[in-house]
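Trainee: What follows is upload.txt, made up of compact mmCIF, C-alpha atoms:
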```
# COMPACT_ATOMS: atom_id res chain seq x y z
CA MET A 1 62.92 127.69 98.57
CA VAL A 2 64.87 124.48 97.81
CA VAL A 3 67.85 124.10 100.14
CA THR A 4 70.32 121.23 99.78
CA ARG A 5 73.24 120.32 102.05
CA ILE A 6 76.49 119.51 100.21
CA ASP A 7 80.10 118.94 101.21
CA LYS A 8 82.23 122.04 100.70
CA SER A 9 84.33 120.11 98.15
CA GLN A 10 81.22 119.96 95.91
CA LEU A 11 80.87 123.75 95.74
CA LYS A 12 80.79 125.19 92.21
CA VAL A 13 80.67 128.61 90.59
CA GLY A 14 77.04 129.67 90.14
CA MET A 15 75.72 128.08 93.34
CA PHE A 16 73.81 130.26 95.80
CA VAL A 17 75.01 129.76 99.37
CA GLU A 18 72.14 130.00 101.85
CA ALA A 19 74.12 128.98 104.96
CA LEU A 20 77.41 127.43 106.08
CA GLU A 21 77.95 124.66 108.61
CA GLY A 22 80.91 124.80 110.97
CA ALA A 23 83.13 127.47 112.46
CA TRP A 24 82.81 130.52 110.22
CA GLN A 25 83.03 134.25 110.62
CA ASP A 26 81.30 136.30 107.94
CA ASN A 27 83.82 137.16 105.25
CA PRO A 28 83.40 140.80 104.15
CA LYS A 29 84.07 139.77 100.57
CA LEU A 30 81.39 137.08 100.53
CA GLY A 31 78.76 138.18 103.01
CA ARG A 32 76.24 135.95 104.76
CA ARG A 33 74.21 134.74 101.73
CA PHE A 34 75.83 134.96 98.31
CA THR A 35 76.25 133.55 94.81
CA VAL A 36 79.64 131.90 94.23
CA ARG A 37 81.31 133.89 91.43
CA SER A 38 84.85 132.52 91.21
CA GLY A 39 87.28 129.78 92.11
CA GLN A 40 88.91 132.22 94.51
CA GLU A 41 85.70 132.39 96.56
CA ILE A 42 85.52 128.58 96.60
CA ASP A 43 89.13 128.47 97.87
CA ILE A 44 88.19 130.77 100.79
CA ILE A 45 85.59 128.23 101.94
CA LEU A 46 87.75 125.16 101.22
CA ASN A 47 90.54 126.61 103.36
CA SER A 48 88.19 127.47 106.24
CA ASN A 49 86.80 125.31 109.07
CA ILE A 50 83.47 124.97 107.23
CA SER A 51 82.32 121.34 107.06
CA ALA A 52 79.29 121.66 104.78
CA VAL A 53 77.39 124.17 102.68
CA PHE A 54 73.64 124.70 102.26
CA ILE A 55 72.82 125.81 98.71
CA ASN A 56 69.54 127.29 97.47
CA THR A 57 68.89 125.64 94.08
CA ALA A 58 66.00 128.01 93.36
CA LEU A 59 68.47 130.91 93.21
CA GLY A 60 71.52 129.23 91.71
CA ARG A 61 73.15 126.20 90.21
CA ASP A 62 72.35 122.69 91.48
CA ILE A 63 75.05 120.13 92.21
CA SER A 64 74.23 118.12 89.07
CA SER A 65 73.36 120.89 86.63
CA SER A 66 74.61 124.03 84.98
CA TYR A 67 73.49 127.38 86.27
CA HIS A 68 70.34 128.80 84.69
CA PRO A 69 69.43 132.31 85.89
CA SER A 70 65.74 132.45 86.82
CA GLY A 71 63.63 133.87 84.02
CA CYS A 72 66.34 133.44 81.39
CA ARG A 73 66.53 130.52 78.98
CA ASN A 74 70.01 129.16 78.68
CA ILE A 75 71.50 128.73 75.22
CA THR A 76 70.78 125.27 73.84
CA THR A 77 72.05 123.11 70.99
CA ALA A 78 70.26 123.64 67.68
CA THR A 79 69.30 121.08 65.02
CA LYS A 80 70.31 121.57 61.39
CA GLN A 81 66.78 122.66 60.45
CA ASP A 82 66.68 125.06 63.41
CA LYS A 83 69.91 126.62 62.22
CA PHE A 84 68.60 127.10 58.69
CA GLU A 85 65.37 128.72 59.88
CA THR A 86 67.12 130.96 62.40
CA ALA A 87 69.79 132.00 59.87
CA ARG A 88 67.02 133.02 57.47
CA LYS A 89 65.35 135.09 60.21
CA ILE A 90 68.64 136.66 61.25
CA HIS A 91 69.40 137.85 57.73
CA GLY A 92 65.89 139.31 57.55
CA HIS A 93 66.49 141.08 60.87
CA ALA A 94 69.85 142.39 59.62
CA ALA A 95 68.16 143.92 56.57
CA GLU A 96 65.55 145.55 58.80
CA ALA A 97 68.24 146.87 61.15
CA ARG A 98 70.14 148.28 58.19
CA SER A 99 67.02 150.10 56.99
CA LEU A 100 66.35 151.64 60.41
CA ILE A 101 69.98 152.66 60.89
CA GLU A 102 70.08 154.30 57.46
CA ASP A 103 66.85 156.17 58.25
CA VAL A 104 68.55 157.70 61.30
CA CYS A 105 71.63 158.63 59.25
CA LEU A 106 69.46 160.31 56.62
CA GLY A 107 67.71 162.40 59.26
CA ARG A 108 64.31 160.76 58.92
CA THR A 109 62.13 160.93 62.03
CA ILE A 110 62.58 157.79 64.12
CA THR A 111 60.50 156.79 67.15
CA MET A 112 60.79 153.95 69.63
CA GLU A 113 57.70 152.44 67.99
CA ALA A 114 59.65 152.03 64.73
CA PHE A 115 62.02 149.63 66.50
CA THR A 116 59.37 147.67 68.38
CA PRO A 117 58.67 145.05 65.64
CA LEU A 118 62.39 144.31 65.20
CA VAL A 119 63.03 144.15 68.95
CA SER A 120 60.06 141.79 69.31
CA ASP A 121 61.37 139.60 66.48
CA VAL A 122 64.85 139.48 68.03
CA ALA A 123 63.30 138.48 71.37
CA ARG A 124 61.19 135.78 69.72
CA THR A 125 64.15 134.37 67.79
CA MET A 126 66.24 134.32 70.95
CA GLU A 127 63.52 132.22 72.60
CA GLU A 128 63.39 129.81 69.64
CA ASN A 129 67.12 129.32 69.10
CA PRO A 130 69.48 131.52 71.13
CA SER A 131 72.58 129.41 70.49
CA LEU A 132 72.75 130.27 66.81
CA TYR A 133 71.78 133.90 67.30
CA ILE A 134 74.58 134.50 69.77
CA GLY A 135 77.01 132.75 67.43
CA MET A 136 75.75 134.74 64.45
CA SER A 137 79.10 136.44 63.91
CA ARG A 138 80.02 133.41 61.81
CA LEU A 139 77.17 134.18 59.38
CA ARG A 140 78.11 137.70 58.45
CA PHE A 141 79.23 138.96 55.09
CA ARG A 142 81.93 141.58 54.71
CA ASP A 143 79.65 144.30 53.30
CA SER A 144 77.11 143.92 56.13
CA ALA A 145 79.52 143.39 59.03
CA THR A 146 78.53 146.56 60.90
CA PHE A 147 74.82 145.79 60.66
CA VAL A 148 75.14 142.14 61.68
CA HIS A 149 77.51 143.03 64.53
CA SER A 150 74.96 145.57 65.77
CA LEU A 151 72.21 142.97 65.62
CA ALA A 152 74.38 140.43 67.47
CA VAL A 153 75.12 142.97 70.23
CA ALA A 154 71.38 143.71 70.43
CA ALA A 155 70.61 140.00 70.89
CA LEU A 156 73.36 139.62 73.51
CA LEU A 157 72.14 142.66 75.43
CA LEU A 158 68.57 141.38 75.37
CA HIS A 159 69.71 137.99 76.69
CA PHE A 160 71.96 139.66 79.29
CA GLY A 161 69.18 141.99 80.46
CA ARG A 162 66.84 139.04 80.95
CA SER A 163 69.47 137.20 82.98
CA MET A 164 69.70 140.30 85.21
CA HIS A 165 65.89 140.29 85.66
CA MET A 166 65.58 143.81 84.27
CA ASP A 167 62.16 145.25 83.47
CA ASP A 168 60.70 144.96 79.96
CA GLU A 169 61.20 148.62 79.04
CA THR A 170 64.88 148.55 80.00
CA ILE A 171 65.42 145.33 78.03
CA GLU A 172 63.69 146.89 75.01
CA HIS A 173 65.95 149.95 75.26
CA LEU A 174 69.05 147.74 75.64
CA CYS A 175 68.12 145.90 72.44
CA MET A 176 67.53 149.18 70.62
CA ALA A 177 70.88 150.47 71.90
CA GLY A 178 72.60 147.37 70.56
CA ILE A 179 71.15 148.02 67.12
CA LEU A 180 72.27 151.68 67.15
CA HIS A 181 75.47 151.66 69.24
CA ASP A 182 77.85 151.74 66.24
CA ILE A 183 75.80 154.04 64.01
CA GLY A 184 78.62 156.57 64.05
CA LYS A 185 80.81 154.13 62.11
CA LEU A 186 78.69 154.76 59.03
CA THR A 187 80.21 158.25 58.87
CA ILE A 188 83.74 156.80 58.73
CA PRO A 189 85.29 156.22 55.24
CA LYS A 190 85.00 152.58 54.13
CA GLN A 191 88.71 152.33 53.36
CA VAL A 192 89.38 152.93 57.07
CA LEU A 193 86.44 150.93 58.42
CA GLN A 194 87.27 147.85 56.31
CA LYS A 195 91.07 148.11 56.29
CA GLN A 196 92.68 144.67 56.26
CA GLY A 197 95.44 145.28 58.72
CA PRO A 198 96.49 147.47 61.67
CA LEU A 199 95.31 151.09 61.68
CA ASN A 200 97.84 153.91 61.77
CA ALA A 201 97.55 156.66 64.40
CA ALA A 202 95.43 158.95 62.19
CA GLU A 203 93.06 156.12 61.25
CA ARG A 204 92.73 155.03 64.86
CA LYS A 205 91.88 158.60 65.88
CA LEU A 206 89.22 158.70 63.16
CA ILE A 207 87.67 155.39 64.25
CA GLU A 208 87.57 156.61 67.86
CA GLN A 209 85.30 159.45 66.79
CA HIS A 210 82.41 157.08 66.01
CA PRO A 211 80.79 157.13 69.50
CA GLU A 212 80.54 160.94 69.48
CA ARG A 213 79.36 161.01 65.87
CA GLY A 214 76.71 158.42 66.63
CA TYR A 215 75.61 160.28 69.75
CA GLU A 216 75.18 163.49 67.73
CA LEU A 217 73.10 161.65 65.11
CA LEU A 218 70.83 160.06 67.71
CA SER A 219 70.51 163.24 69.79
CA SER A 220 68.74 164.95 66.90
CA HIS A 221 65.81 162.58 67.52
CA LEU A 222 63.97 164.04 70.51
CA SER A 223 62.25 160.77 71.46
CA MET A 224 65.51 158.79 71.64
CA PRO A 225 65.72 157.05 75.06
CA LYS A 226 68.53 158.31 77.31
CA LEU A 227 69.81 154.76 77.80
CA VAL A 228 70.30 154.39 74.03
CA LEU A 229 72.21 157.69 73.89
CA ASP A 230 74.40 156.72 76.87
CA ILE A 231 75.36 153.35 75.39
CA CYS A 232 76.05 154.85 71.96
CA ARG A 233 78.41 157.44 73.42
CA SER A 234 80.07 155.43 76.19
CA HIS A 235 80.35 151.77 75.12
CA HIS A 236 84.13 152.21 74.62
CA GLU A 237 84.73 153.74 78.05
CA ARG A 238 86.85 151.70 80.49
CA LEU A 239 86.76 151.27 84.26
CA ASP A 240 90.36 152.51 84.52
CA GLY A 241 89.48 155.81 82.82
CA LYS A 242 91.48 155.04 79.67
CA GLY A 243 88.51 154.61 77.34
CA TYR A 244 87.03 157.05 74.85
CA PRO A 245 85.60 159.54 74.00
CA ASP A 246 85.25 161.08 77.49
CA ARG A 247 87.73 159.06 79.61
CA LEU A 248 85.02 158.46 82.20
CA GLY A 249 85.93 157.05 85.60
CA ALA A 250 84.35 153.82 86.84
CA GLU A 251 81.86 155.68 89.04
CA GLN A 252 80.56 157.53 85.94
CA ILE A 253 79.83 154.38 83.93
CA SER A 254 76.36 152.90 84.45
CA VAL A 255 75.57 149.19 84.78
CA GLU A 256 73.85 149.22 81.38
CA VAL A 257 76.86 150.80 79.65
CA ARG A 258 79.15 148.25 81.33
CA MET A 259 76.87 145.49 80.01
CA SER A 260 77.07 146.94 76.49
CA THR A 261 80.87 146.97 76.63
CA ILE A 262 80.94 143.27 77.54
CA CYS A 263 78.54 142.33 74.72
CA ASP A 264 80.29 144.54 72.15
CA VAL A 265 83.78 143.19 72.89
CA PHE A 266 82.62 139.56 73.14
CA ASP A 267 81.02 139.70 69.69
CA ALA A 268 84.00 141.56 68.21
CA LEU A 269 86.47 139.00 69.55
CA THR A 270 84.47 136.01 68.30
CA SER A 271 83.81 137.54 64.87
CA THR A 272 85.74 136.57 61.77
CA ARG A 273 86.86 139.66 59.88
CA PRO A 274 88.78 140.05 56.59
CA TYR A 275 91.94 140.66 58.62
CA LYS A 276 91.50 138.16 61.49
CA LYS A 277 90.03 134.81 62.48
CA GLY A 278 87.44 134.93 65.22
CA TRP A 279 88.33 133.53 68.64
CA SER A 280 86.32 130.78 70.26
CA SER A 281 83.88 131.82 72.99
CA GLN A 282 86.19 130.27 75.60
CA GLN A 283 89.23 132.20 74.31
CA ALA A 284 87.30 135.48 74.25
CA LEU A 285 85.84 135.08 77.75
CA SER A 286 89.17 133.95 79.25
CA TRP A 287 90.89 137.02 77.76
CA MET A 288 88.12 139.30 79.06
CA MET A 289 88.32 137.81 82.57
CA CYS A 290 91.96 138.96 82.77
CA ARG A 291 91.01 142.58 81.96
CA GLU A 292 89.59 143.86 85.25
CA ASP A 293 90.72 147.38 84.29
CA GLN A 294 88.33 147.23 81.34
CA PHE A 295 85.32 145.11 82.37
CA ASP A 296 83.12 144.87 85.45
CA LYS A 297 84.07 141.40 86.68
CA THR A 298 80.82 140.80 88.59
CA LEU A 299 78.78 141.60 85.49
CA LEU A 300 81.13 139.55 83.33
CA TRP A 301 80.49 136.53 85.57
CA GLN A 302 76.76 137.10 85.23
CA PHE A 303 77.18 137.20 81.44
CA ILE A 304 79.25 134.00 81.46
CA LEU A 305 76.73 132.20 83.67
CA SER A 306 73.93 133.09 81.26
CA LEU A 307 75.66 131.29 78.38
CA ASP A 308 75.64 127.66 77.32
CA PRO A 309 78.12 125.47 79.28
CA GLU A 310 79.68 124.36 75.96
CA MET A 311 80.58 127.98 75.21
CA THR A 312 82.20 128.43 78.63
CA LYS A 313 83.95 125.07 79.04
CA GLY A 314 87.29 125.57 80.75
CA ILE A 315 86.19 128.83 82.37
CA LEU A 316 83.63 127.60 84.93
```
Mind turning the file's structure into structure tokens?

Mentor:
Amino acid sequence: MVVTRIDKSQLKVGMFVEALEGAWQDNPKLGRRFTVRSGQEIDIILNSNISAVFINTALGRDISSSYHPSGCRNITTATKQDKFETARKIHGHAAEARSLIEDVCLGRTITMEAFTPLVSDVARTMEENPSLYIGMSRLRFRDSATFVHSLAVAALLLHFGRSMHMDDETIEHLCMAGILHDIGKLTIPKQVLQKQGPLNAAERKLIEQHPERGYELLSSHLSMPKLVLDICRSHHERLDGKGYPDRLGAEQISVEVRMSTICDVFDALTSTRPYKKGWSSQQALSWMMCREDQFDKTLLWQFILSLDPEMTKGIL
């Protein structure tokens, strides 16, 4: 354990507070030992009689560095050659994802083992150059948007799962779920799926059927992991109960499904589509932070802290 004493004015989001010096009564919101998640939590300490803070740099951010969750590589800057090589791999992965997704749609028998090589390749590419992979929305072509989006969500979920220190099997299932979460969209007419403009009420209702349609497709495969089925069906549910298709309440939405919602929306917001320009990472994350009725804010902070500081500048 590496504990460092700092002045309370030096406290930053992402630091792990081991102890506090001065007059302090445990705050029910913060607890005795905690990771600083927001500026509001910092304000609580700044406005208290605390004189100094002891931070554990083995569990959180140091005073002179960005936060790197243990066991999870942070996203780093890529060279031009790195970008070329990773882009080539990504397009290869997208083709493989497309093939697997089409196999499911055609009713061919699919096992977890069929996805293992692709999941392993995604994991390896994330280790080599995660910055480009997570920004891959800028590489997509119109006719492969669904497949590349699915692959991007898979990569984000894999990265997110690692930052949460989840076990290998769960991370593998999260990645598989990312690949398959939008499979139901392939049953939606292309003129609706690729419409360049706002959807009318009938088209919106049709699009909102894709989680159920995908769930039905995947349920026909007896070996399909439950986590994959849950994410496929519920990734558009909301904490306020206004999501679809089942209008689940917050208590009915698992941590893994909440993670998938964050990754899905983040990639969608930062993607360039025929009808819209993609937002920057900072714009997307700032917008998401203001939607507590839609996203789990604690998980969203964990997601933000797992990203490159350049992608989150102005948020942390």

Trainee: Tell me which protein, DNA and RNA residues are within 8 Å of Lys12 of chain A, counting all atoms listed in the file, leaving out same-chain ones fewer than 6 positions away, and put them as a count of residues only.

Mentor: 5

Trainee: From the list A:Leu193, A:Ala250, A:Val228, A:Leu186, which residue is nearest Glu102 of chain A when using all atoms listed in the file?

Mentor: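 Looking at the shortest contact to Glu102 of chain A, the residue is A:Leu186.
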
Trainee: Taking only residues of segment 233-304 of chain A that have an atom at most 9 Å from an atom of segment 146-169 of chain A, what is each one's shortest atom pair and its distance in Å to one decimal, using only C-alpha atoms, in chain and number order, as a Markdown table?

Mentor:
```
| residue | atom | partner | partner_atom | distance |
| --- | --- | --- | --- | --- |
| A:Glu256 | CA | A:Gly161 | CA | 8.7 |
| A:Met259 | CA | A:Leu157 | CA | 7.2 |
| A:Ser260 | CA | A:Leu157 | CA | 6.6 |
| A:Cys263 | CA | A:Val153 | CA | 5.7 |
| A:Asp264 | CA | A:Val153 | CA | 5.7 |
| A:Phe266 | CA | A:Val153 | CA | 8.7 |
| A:Asp267 | CA | A:Val153 | CA | 6.8 |
| A:Ala268 | CA | A:His149 | CA | 7.6 |
| A:Ser271 | CA | A:His149 | CA | 8.4 |
| A:Gln302 | CA | A:Ser163 | CA | 7.6 |
| A:Phe303 | CA | A:Phe160 | CA | 6.2 |
```

Trainee: Using atom CA of Val17 of chain A and atom CA of Asn49 of chain A as the two end points, give the distance in Å to one decimal.

Mentor: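 Interatomic distance here is 15.9 Å.
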
Trainee: Which residues are close to segment 235-242 of chain A, i.e. within 9 Å by all atoms listed in the file, leaving aside same-chain residues fewer than 3 positions away? Reply as a PyMOL selection string.

Mentor: chain A and resi 181+208+211+230-232+245-253+257-262+264+292-296

Trainee: So the first atom is atom CA of Arg98 of chain A and the second is atom CA of Gly178 of chain A; what is the distance between them in Å, to one decimal place?

Mentor: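 Calculated distance between atom CA of Arg98 of chain A and atom CA of Gly178 of chain A is 12.6 Å.
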
Trainee: Taking into account all atoms listed in the file, which residue in the set A:Ala177, A:Val119, A:Leu30, A:Leu300 is nearest to Ser286 of chain A?

Mentor: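 Nearest to Ser286 of chain A: A:Leu300.
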
Trainee: Rank A:Arg37, A:Lys8, A:Arg213, A:His93 by their smallest atom-to-atom distance to Val53 of chain A, using all atoms listed in the file, and report the top residue only.

Mentor: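 The closest residue to Val53 of chain A is A:Lys8.
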
Trainee: Using only C-alpha atoms, which residue out of A:Asp62, A:Asp121, A:Asp43, A:Glu113 lies closest to Gly14 of chain A?

Mentor: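 Closest to Gly14 of chain A of all the choices is A:Asp62.
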
Trainee: At a cut-off of 9 Å, using only C-alpha atoms, what residues contact Leu229 of chain A? Leave out same-chain residues fewer than 2 positions from it and give the result as a PDB file with C-alpha atoms, keeping the file's coordinate frame.

Mentor:
```pdb
ATOM      1  CA  ALA A 177      70.880 150.470  71.900  1.00  0.00           C
ATOM      2  CA  HIS A 181      75.470 151.660  69.240  1.00  0.00           C
ATOM      3  CA  GLY A 214      76.710 158.420  66.630  1.00  0.00           C
ATOM      4  CA  TYR A 215      75.610 160.280  69.750  1.00  0.00           C
ATOM      5  CA  GLU A 216      75.180 163.490  67.730  1.00  0.00           C
ATOM      6  CA  LEU A 218      70.830 160.060  67.710  1.00  0.00           C
ATOM      7  CA  SER A 219      70.510 163.240  69.790  1.00  0.00           C
ATOM      8  CA  MET A 224      65.510 158.790  71.640  1.00  0.00           C
ATOM      9  CA  PRO A 225      65.720 157.050  75.060  1.00  0.00           C
ATOM     10  CA  LYS A 226      68.530 158.310  77.310  1.00  0.00           C
ATOM     11  CA  LEU A 227      69.810 154.760  77.800  1.00  0.00           C
ATOM     12  CA  ILE A 231      75.360 153.350  75.390  1.00  0.00           C
ATOM     13  CA  CYS A 232      76.050 154.850  71.960  1.00  0.00           C
ATOM     14  CA  ARG A 233      78.410 157.440  73.420  1.00  0.00           C
ATOM     15  CA  SER A 234      80.070 155.430  76.190  1.00  0.00           C
TER      16      SER A 234
END
```

Trainee: Looking at A:His173, A:His210, A:Arg33, A:Lys205, which one is nearest to Thr187 of chain A, with distances taken over only C-alpha atoms?

Mentor: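 Closest to Thr187 of chain A of all the choices is A:His210.
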
Trainee: Grab the atom CA of Ala52 of chain A to atom CA of Arg5 of chain A distance for me, in Å with one decimal place.

Mentor: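 Spanning atom CA of Ala52 of chain A to atom CA of Arg5 of chain A is a straight-line distance of 6.8 Å.
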
Trainee: With all atoms listed in the file as the atoms that count, which of A:Ser220, A:Cys175, A:Thr298, A:Val255 lies nearest to Leu106 of chain A?

Mentor: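 Residue with the minimum atom-to-atom distance to Leu106 of chain A: A:Ser220.
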